[in-house]
$ cat work-v7.cif   # mmCIF, C-alpha atoms
data_start
loop_
_atom_site.label_atom_id
_atom_site.label_comp_id
_atom_site.auth_asym_id
_atom_site.auth_seq_id
_atom_site.Cartn_x
_atom_site.Cartn_y
_atom_site.Cartn_z
CA GLU A 4 115.24 40.35 104.79
CA PRO A 5 116.80 43.82 104.84
CA GLU A 6 120.46 44.00 103.93
CA VAL A 7 123.36 46.39 103.71
CA THR A 8 124.41 47.19 100.14
CA GLN A 9 127.70 48.60 98.86
CA THR A 10 128.83 50.08 95.57
CA PRO A 11 130.93 49.57 93.59
CA SER A 12 131.85 45.95 94.13
CA HIS A 13 135.32 46.60 92.73
CA GLN A 14 137.16 49.91 92.31
CA VAL A 15 140.50 50.30 90.59
CA THR A 16 142.31 53.61 90.97
CA GLN A 17 145.71 55.18 90.50
CA MET A 18 147.84 56.11 93.48
CA GLY A 19 147.11 59.65 94.64
CA GLN A 20 143.54 59.68 93.35
CA GLU A 21 140.48 60.21 95.51
CA VAL A 22 137.93 57.43 95.88
CA ILE A 23 134.48 57.37 97.42
CA LEU A 24 133.02 54.08 98.57
CA ARG A 25 129.27 53.98 99.04
CA CYS A 26 127.05 52.07 101.40
CA VAL A 27 123.32 51.93 102.05
CA PRO A 28 122.76 50.69 105.62
CA ILE A 29 119.61 48.95 106.80
CA SER A 30 116.94 51.61 106.89
CA ASN A 31 116.02 51.66 110.59
CA HIS A 32 119.59 51.34 111.84
CA LEU A 33 121.27 54.30 113.49
CA TYR A 34 124.90 53.21 113.85
CA PHE A 35 127.23 52.77 110.94
CA TYR A 36 130.72 51.37 110.59
CA TRP A 37 133.53 50.91 108.12
CA TYR A 38 136.05 48.08 108.25
CA ARG A 39 138.82 46.98 105.97
CA GLN A 40 140.44 43.65 105.27
CA ILE A 41 143.80 43.57 103.57
CA LEU A 42 144.17 40.35 101.60
CA GLY A 43 144.98 37.46 103.90
CA GLN A 44 144.79 39.57 107.05
CA LYS A 45 142.22 40.20 109.71
CA VAL A 46 139.20 42.46 109.48
CA GLU A 47 140.14 45.84 111.00
CA PHE A 48 137.82 48.46 112.43
CA LEU A 49 138.14 51.91 110.85
CA VAL A 50 135.35 54.12 112.16
CA SER A 51 131.90 54.22 113.68
CA PHE A 52 129.33 56.93 113.03
CA TYR A 53 126.19 58.03 114.81
CA ASN A 54 123.99 61.10 114.67
CA ASN A 55 126.05 62.64 111.88
CA GLU A 56 129.35 62.45 113.67
CA ILE A 57 132.18 60.04 114.26
CA SER A 58 131.79 58.04 117.48
CA GLU A 59 135.05 56.11 117.41
CA LYS A 60 137.94 55.76 115.03
CA SER A 61 141.02 53.59 114.91
CA GLU A 62 144.62 54.58 114.31
CA ILE A 63 144.19 53.54 110.68
CA PHE A 64 141.57 56.24 110.15
CA ASP A 65 143.93 59.16 109.60
CA ASP A 66 143.41 62.51 107.88
CA GLN A 67 143.24 60.85 104.48
CA PHE A 68 139.93 59.24 105.43
CA SER A 69 136.56 60.85 105.96
CA VAL A 70 133.00 59.63 106.30
CA GLU A 71 129.72 61.28 105.52
CA ARG A 72 126.03 60.62 105.50
CA PRO A 73 125.05 62.95 102.66
CA ASP A 74 121.36 62.05 102.71
CA GLY A 75 118.96 59.83 104.61
CA SER A 76 120.18 56.60 103.10
CA ASN A 77 123.80 56.67 101.95
CA PHE A 78 126.93 56.38 104.10
CA THR A 79 130.22 57.07 102.34
CA LEU A 80 133.91 56.54 102.98
CA LYS A 81 136.28 58.88 101.16
CA ILE A 82 140.00 58.35 100.77
CA ARG A 83 141.52 61.63 99.62
CA SER A 84 144.82 60.51 98.16
CA THR A 85 145.06 56.77 97.83
CA LYS A 86 148.23 54.86 98.58
CA LEU A 87 149.23 51.39 97.46
CA GLU A 88 148.68 50.09 100.99
CA ASP A 89 145.04 51.19 100.88
CA SER A 90 144.35 48.24 98.60
CA ALA A 91 141.91 46.10 100.56
CA MET A 92 138.33 44.97 100.86
CA TYR A 93 136.25 47.62 102.59
CA PHE A 94 133.14 46.53 104.47
CA CYS A 95 130.32 48.73 105.65
CA ALA A 96 128.13 47.61 108.55
CA SER A 97 125.16 48.92 110.47
CA SER A 98 123.43 48.12 113.72
CA ALA A 99 120.32 49.30 115.51
CA ARG A 100 122.27 50.11 118.68
CA PRO A 101 125.94 50.34 119.61
CA LYS A 102 125.76 47.84 122.44
CA ASN A 103 128.18 44.94 122.47
CA THR A 104 125.30 42.47 122.41
CA ASP A 105 123.89 43.91 119.20
CA THR A 106 124.52 42.35 115.83
CA GLN A 107 126.27 44.33 113.15
CA TYR A 108 125.04 43.58 109.65
CA PHE A 109 127.73 43.70 107.00
CA GLY A 110 127.58 44.57 103.35
CA PRO A 111 129.25 42.46 100.64
CA GLY A 112 132.27 44.75 100.49
CA THR A 113 134.08 46.89 97.93
CA ARG A 114 137.40 45.60 96.71
CA LEU A 115 139.72 48.61 96.25
CA THR A 116 142.80 48.15 94.12
CA VAL A 117 145.34 50.98 94.07
CA LEU A 118 147.87 50.83 91.23
CA GLY B 13 144.15 45.54 124.42
CA ASN B 14 141.60 43.13 123.06
CA SER B 15 142.70 40.36 120.72
CA VAL B 16 141.34 37.22 119.09
CA THR B 17 143.42 34.24 117.99
CA GLN B 18 142.07 31.65 115.58
CA MET B 19 143.59 28.45 114.31
CA GLU B 20 145.36 28.74 110.99
CA GLY B 21 143.66 27.38 107.93
CA PRO B 22 142.73 26.07 105.57
CA VAL B 23 140.84 23.31 107.29
CA THR B 24 140.02 20.59 104.77
CA LEU B 25 137.37 17.99 105.61
CA SER B 26 135.24 15.41 103.92
CA GLU B 27 131.48 15.80 103.97
CA GLU B 28 129.88 14.61 107.24
CA ALA B 29 133.11 15.02 109.19
CA PHE B 30 133.22 16.72 112.58
CA LEU B 31 134.43 20.31 112.61
CA THR B 32 136.25 22.26 115.29
CA ILE B 33 137.72 25.69 114.72
CA ASN B 34 139.55 26.98 117.77
CA CYS B 35 139.24 30.54 118.98
CA THR B 36 140.75 32.14 122.06
CA TYR B 37 140.55 35.72 123.16
CA THR B 38 142.08 38.35 125.41
CA ALA B 39 139.85 41.11 126.71
CA THR B 40 139.12 43.24 129.72
CA GLY B 41 135.71 43.19 131.25
CA TYR B 42 132.92 41.04 129.85
CA PRO B 43 132.93 41.01 126.07
CA SER B 44 130.37 39.44 123.79
CA LEU B 45 131.68 36.78 121.42
CA PHE B 46 130.67 36.14 117.82
CA TRP B 47 131.30 33.86 114.91
CA TYR B 48 130.86 35.34 111.45
CA VAL B 49 130.91 33.45 108.16
CA GLN B 50 131.98 34.80 104.79
CA TYR B 51 130.90 32.83 101.74
CA PRO B 52 132.81 33.41 98.50
CA GLY B 53 132.03 36.82 97.04
CA GLU B 54 129.83 37.86 99.94
CA GLY B 55 130.10 39.96 103.09
CA LEU B 56 130.33 38.76 106.66
CA GLN B 57 127.20 37.18 108.08
CA LEU B 58 126.60 36.62 111.75
CA LEU B 59 126.56 32.88 112.40
CA LEU B 60 126.08 32.85 116.16
CA LYS B 61 126.88 34.79 119.28
CA ALA B 62 127.11 34.50 123.07
CA THR B 63 126.93 37.44 125.41
CA LYS B 64 127.97 35.98 128.76
CA ALA B 65 129.99 33.17 130.27
CA ASP B 66 128.67 29.63 129.74
CA ASP B 67 126.20 30.80 127.08
CA LYS B 68 126.02 28.56 124.04
CA GLY B 69 125.35 30.13 120.67
CA SER B 70 123.94 27.90 117.96
CA ASN B 71 122.73 28.23 114.37
CA LYS B 72 122.54 25.98 111.30
CA GLY B 73 124.05 23.06 113.23
CA PHE B 74 127.02 25.12 114.43
CA GLU B 75 127.64 25.64 118.14
CA ALA B 76 130.09 27.55 120.32
CA THR B 77 130.22 27.91 124.10
CA TYR B 78 131.56 31.01 125.86
CA ARG B 79 134.24 29.63 128.23
CA LYS B 80 135.53 32.37 130.47
CA GLU B 81 137.84 30.05 132.41
CA THR B 82 139.75 29.12 129.25
CA THR B 83 138.96 32.38 127.37
CA SER B 84 137.75 30.33 124.43
CA PHE B 85 134.84 30.22 121.99
CA HIS B 86 135.52 27.22 119.78
CA LEU B 87 133.20 26.62 116.82
CA GLU B 88 131.91 23.07 116.29
CA LYS B 89 129.62 21.23 113.91
CA GLY B 90 128.86 17.55 114.05
CA SER B 91 128.54 16.91 110.32
CA VAL B 92 129.76 19.42 107.77
CA GLN B 93 128.38 19.84 104.26
CA VAL B 94 129.98 21.07 101.07
CA SER B 95 127.86 24.21 101.39
CA ASP B 96 129.66 25.04 104.67
CA SER B 97 132.82 25.86 102.71
CA ALA B 98 133.58 29.45 103.66
CA VAL B 99 135.85 31.60 105.81
CA TYR B 100 134.91 31.74 109.49
CA PHE B 101 135.80 34.71 111.70
CA CYS B 102 135.80 34.74 115.46
CA ALA B 103 135.21 38.17 116.98
CA LEU B 104 134.66 39.87 120.28
CA SER B 105 132.95 43.09 121.12
CA GLY B 106 134.39 44.71 124.17
CA GLU B 107 134.28 48.10 125.68
CA SER B 108 136.73 50.69 124.43
CA GLY B 109 136.37 54.19 125.77
CA GLY B 110 132.65 53.78 126.34
CA SER B 111 131.94 52.25 122.96
CA TYR B 112 131.98 48.67 121.79
CA ILE B 113 134.47 48.10 119.03
CA PRO B 114 134.65 44.63 117.51
CA THR B 115 137.96 42.84 117.28
CA PHE B 116 138.24 40.12 114.66
CA GLY B 117 140.46 37.13 114.26
CA ARG B 118 142.30 36.47 111.00
CA GLY B 119 139.68 34.04 109.74
CA THR B 120 139.86 30.30 109.11
CA SER B 121 139.09 28.94 105.69
CA LEU B 122 137.04 25.73 105.65
CA ILE B 123 137.01 23.52 102.57
CA VAL B 124 134.59 20.61 102.55
CA HIS B 125 134.99 17.94 99.87
CA PRO B 126 132.14 15.67 98.72
#
$ encode --input "work-v7.cif" --output "structure tokens"
Amino acid sequence: EPEVTQTPSHQVTQMGQEVILRCVPISNHLYFYWYRQILGQKVEFLVSFYNNEISEKSEIFDDQFSVERPDGSNFTLKIRSTKLEDSAMYFCASSARPKNTDTQYFGPGTRLTVL
Amino acid sequence: GNSVTQMEGPVTLSEEAFLTINCTYTATGYPSLFWYVQYPGEGLQLLLKATKADDKGSNKGFEATYRKETTSFHLEKGSVQVSDSAVYFCALSGESGGSYIPTFGRGTSLIVHP
């Protein structure tokens, strides 16, 4: 069964450094998403992406964040200057369509630790 | 705005016990409702979903019925197994500015003892 993959599984970085989190969505999906989950809290939507541009973004997704689909398979989330409060699990997801009835398939997540 | 409220965990049960995890929601319009499961060290997996009122989603012995009158989508299983130990997330997908952005609950941890 096709699945969403994410790398790395765990990233440790110093405050102020840039990080890039990578995701490979399911190959025939067209809609891509990033979420984060701070330890013990709910899963929060960050951004959705379609046709090489952002479709929706939340208030969390400020100027420090950016997303890119650099080639036909990868989907990346960049945090330009990490802060302590960026420490969280980041999940990538993809779906065939953006409709509310469609299933989003999630990757295993990248745990980001900012020191 | 949209919101999802789940019962606090952890929920601790013995094998073969009956499980209920409560979920209520607030949303405008007609959202779809989902239960996701997260096993240790893994991502979220869709467990079941319901897209309109009175629909029942079911999978792997789990069930949940979309109750619009009580704005609820409680997860139930008649006989849990140790392998069901995981975190369960209730979510809704409702319209926001023409797109459908999921809103998740905080998650409920289930621990099943042999």
$ resolve_selection --input "work-v7.cif" --expression "the PyMOL selection byres ((chain A) within 9 of (chain B))" --output "list in words"
Gly43, Gln44, Lys45, Val46, Glu47, Phe48, Ser51, Ser58, Glu59, Phe94, Pro101, Lys102, Asn103, Thr104, Thr106, Gln107, Tyr108, Phe109, Gly110, Pro111 and Gly112 of chain A
$ residues_near_point --input "work-v7.cif" --point "(141.8, 31.9, 126.7)" --cutoff "8 Å" --atoms "all atoms listed in the file" --output "PyMOL selection string"
chain B and resi 36-38+80-84
$ residues_around --input "work-v7.cif" --residues "Ser97 of chain A" --least-positions-apart "2" --cutoff "8 Å" --atoms "all atoms listed in the file" --output "NGL selection string"
:A and (7 or 28-29 or 32-36 or 95 or 99 or 107-109)
$ closest_residue --input "work-v7.cif" --among "A:Gln20, A:Ser90, A:Thr113, A:Ser30" --to "Gly75 of chain A" --atoms "all atoms listed in the file"
A:Ser30
$ atom_distance --input "work-v7.cif" --atom1 "atom CA of Arg83 of chain A" --atom2 "atom CA of Glu21 of chain A"
4.5 Å
$ closest_residue --input "work-v7.cif" --among "A:Tyr93, A:Thr116, A:Pro5, A:Ile23" --to "Thr79 of chain A" --atoms "all atoms listed in the file"
A:Ile23
$ resolve_selection --input "work-v7.cif" --expression "the PyMOL selection byres ((chain B and resi 77) around 9)" --output "list in words"
Ala62, Ala65, Asp66, Asp67, Lys68, Gly69, Ser70, Glu75, Ala76, Tyr78, Arg79, Ser84, Phe85, His86 and Leu87 of chain B
$ resolve_selection --input "work-v7.cif" --expression "the PyMOL selection byres ((chain A and resi 89) around 9)" --output "count of residues only"
11
$ atom_distance --input "work-v7.cif" --atom1 "atom CA of Gln18 of chain B" --atom2 "atom CA of Leu31 of chain B"
14.0 Å
$ atom_distance --input "work-v7.cif" --atom1 "atom CA of Lys72 of chain B" --atom2 "atom CA of Cys26 of chain A"
28.3 Å
$ closest_residue --input "work-v7.cif" --among "A:Leu42, A:Asn31, A:Gln9, A:Glu56" --to "Ser69 of chain A" --atoms "all atoms listed in the file"
A:Glu56
$ decode --input "work-v7.cif" --residues "chain A" --atoms "C-alpha atoms" --output "compact mmCIF listing (two decimals), in the first residue's frame"
# COMPACT_ATOMS: atom_id res chain seq x y z
CA GLU A 4 0.00 0.00 0.00
CA PRO A 5 1.41 3.42 -0.90
CA GLU A 6 2.44 5.59 2.02
CA VAL A 7 3.72 9.03 2.87
CA THR A 8 7.34 9.07 4.02
CA GLN A 9 9.19 11.74 6.01
CA THR A 10 12.83 12.41 6.76
CA PRO A 11 14.52 12.74 9.13
CA SER A 12 12.60 11.01 11.88
CA HIS A 13 14.26 13.22 14.48
CA GLN A 14 16.04 16.55 14.01
CA VAL A 15 17.89 18.40 16.74
CA THR A 16 18.94 21.97 16.06
CA GLN A 17 20.13 25.08 17.83
CA MET A 18 17.85 28.08 18.22
CA GLY A 19 18.19 30.45 15.27
CA GLN A 20 19.26 27.75 12.81
CA GLU A 21 17.39 26.87 9.64
CA VAL A 22 15.84 23.44 9.27
CA ILE A 23 14.28 21.69 6.30
CA LEU A 24 11.86 18.85 6.87
CA ARG A 25 11.25 16.54 3.95
CA CYS A 26 8.24 14.57 2.84
CA VAL A 27 7.46 12.30 -0.09
CA PRO A 28 3.68 12.26 -0.62
CA ILE A 29 1.79 9.42 -2.26
CA SER A 30 2.68 9.58 -5.92
CA ASN A 31 -0.71 10.25 -7.52
CA HIS A 32 -1.86 12.73 -4.89
CA LEU A 33 -2.12 16.40 -5.75
CA TYR A 34 -2.76 18.10 -2.40
CA PHE A 35 -0.19 18.33 0.32
CA TYR A 36 -0.31 19.47 3.92
CA TRP A 37 1.87 20.14 6.93
CA TYR A 38 0.69 19.84 10.52
CA ARG A 39 2.43 20.10 13.83
CA GLN A 40 1.78 18.59 17.23
CA ILE A 41 3.43 20.13 20.25
CA LEU A 42 3.94 17.48 22.92
CA GLY A 43 0.70 16.76 24.74
CA GLN A 44 -1.33 19.14 22.59
CA LYS A 45 -3.61 18.81 19.62
CA VAL A 46 -2.59 18.37 16.01
CA GLU A 47 -2.58 21.82 14.35
CA PHE A 48 -2.91 22.62 10.68
CA LEU A 49 -0.07 24.69 9.23
CA VAL A 50 -0.47 24.86 5.46
CA SER A 51 -1.94 23.23 2.40
CA PHE A 52 -0.35 23.24 -1.04
CA TYR A 53 -1.65 22.58 -4.53
CA ASN A 54 -0.36 23.25 -8.01
CA ASN A 55 2.88 24.72 -6.70
CA GLU A 56 1.29 27.28 -4.47
CA ILE A 57 -0.12 27.62 -1.00
CA SER A 58 -3.88 27.05 -0.86
CA GLU A 59 -4.48 27.78 2.81
CA LYS A 60 -2.34 28.61 5.80
CA SER A 61 -3.00 29.04 9.48
CA GLU A 62 -1.93 31.84 11.78
CA ILE A 63 0.95 29.64 12.93
CA PHE A 64 2.44 29.66 9.43
CA ASP A 65 4.20 33.02 9.62
CA ASP A 66 7.11 34.43 7.62
CA GLN A 67 9.54 32.05 9.28
CA PHE A 68 7.91 29.13 7.48
CA SER A 69 7.95 28.25 3.81
CA VAL A 70 7.02 25.24 1.73
CA GLU A 71 8.28 24.02 -1.58
CA ARG A 72 7.91 21.19 -4.02
CA PRO A 73 11.41 21.24 -5.50
CA ASP A 74 10.87 18.27 -7.79
CA GLY A 75 8.16 15.82 -8.76
CA SER A 76 8.28 13.86 -5.53
CA ASN A 77 9.48 15.86 -2.53
CA PHE A 78 7.51 18.37 -0.47
CA THR A 79 9.51 20.38 2.05
CA LEU A 80 8.84 22.59 5.05
CA LYS A 81 11.54 25.13 5.90
CA ILE A 82 11.81 27.01 9.16
CA ARG A 83 14.24 29.88 8.63
CA SER A 84 15.24 30.74 12.17
CA THR A 85 14.04 28.19 14.67
CA LYS A 86 12.69 29.15 18.07
CA LEU A 87 12.36 27.02 21.17
CA GLU A 88 8.59 26.92 20.70
CA ASP A 89 9.00 25.32 17.28
CA SER A 90 9.88 22.08 19.05
CA ALA A 91 7.13 19.68 18.00
CA MET A 92 6.27 16.70 15.86
CA TYR A 93 5.68 17.77 12.27
CA PHE A 94 3.42 15.65 10.10
CA CYS A 95 3.13 15.75 6.35
CA ALA A 96 -0.06 14.53 4.67
CA SER A 97 -1.39 14.17 1.15
CA SER A 98 -4.74 13.59 -0.46
CA ALA A 99 -6.01 12.99 -3.96
CA ARG A 100 -8.52 15.85 -3.70
CA PRO A 101 -9.15 18.67 -1.24
CA LYS A 102 -12.75 17.76 -0.55
CA ASN A 103 -13.86 17.31 3.04
CA THR A 104 -14.90 13.74 2.32
CA ASP A 105 -11.43 12.77 1.13
CA THR A 106 -8.96 10.98 3.33
CA GLN A 107 -5.65 12.58 4.12
CA TYR A 108 -2.79 10.12 4.44
CA PHE A 109 -0.22 11.05 7.05
CA GLY A 110 3.46 10.36 7.27
CA PRO A 111 5.14 9.07 10.45
CA GLY A 112 6.31 12.55 11.43
CA THR A 113 9.58 14.34 12.14
CA ARG A 114 10.29 15.18 15.73
CA LEU A 115 12.01 18.59 15.82
CA THR A 116 13.87 19.55 18.96
CA VAL A 117 15.16 23.11 19.23
CA LEU A 118 17.78 23.70 21.92
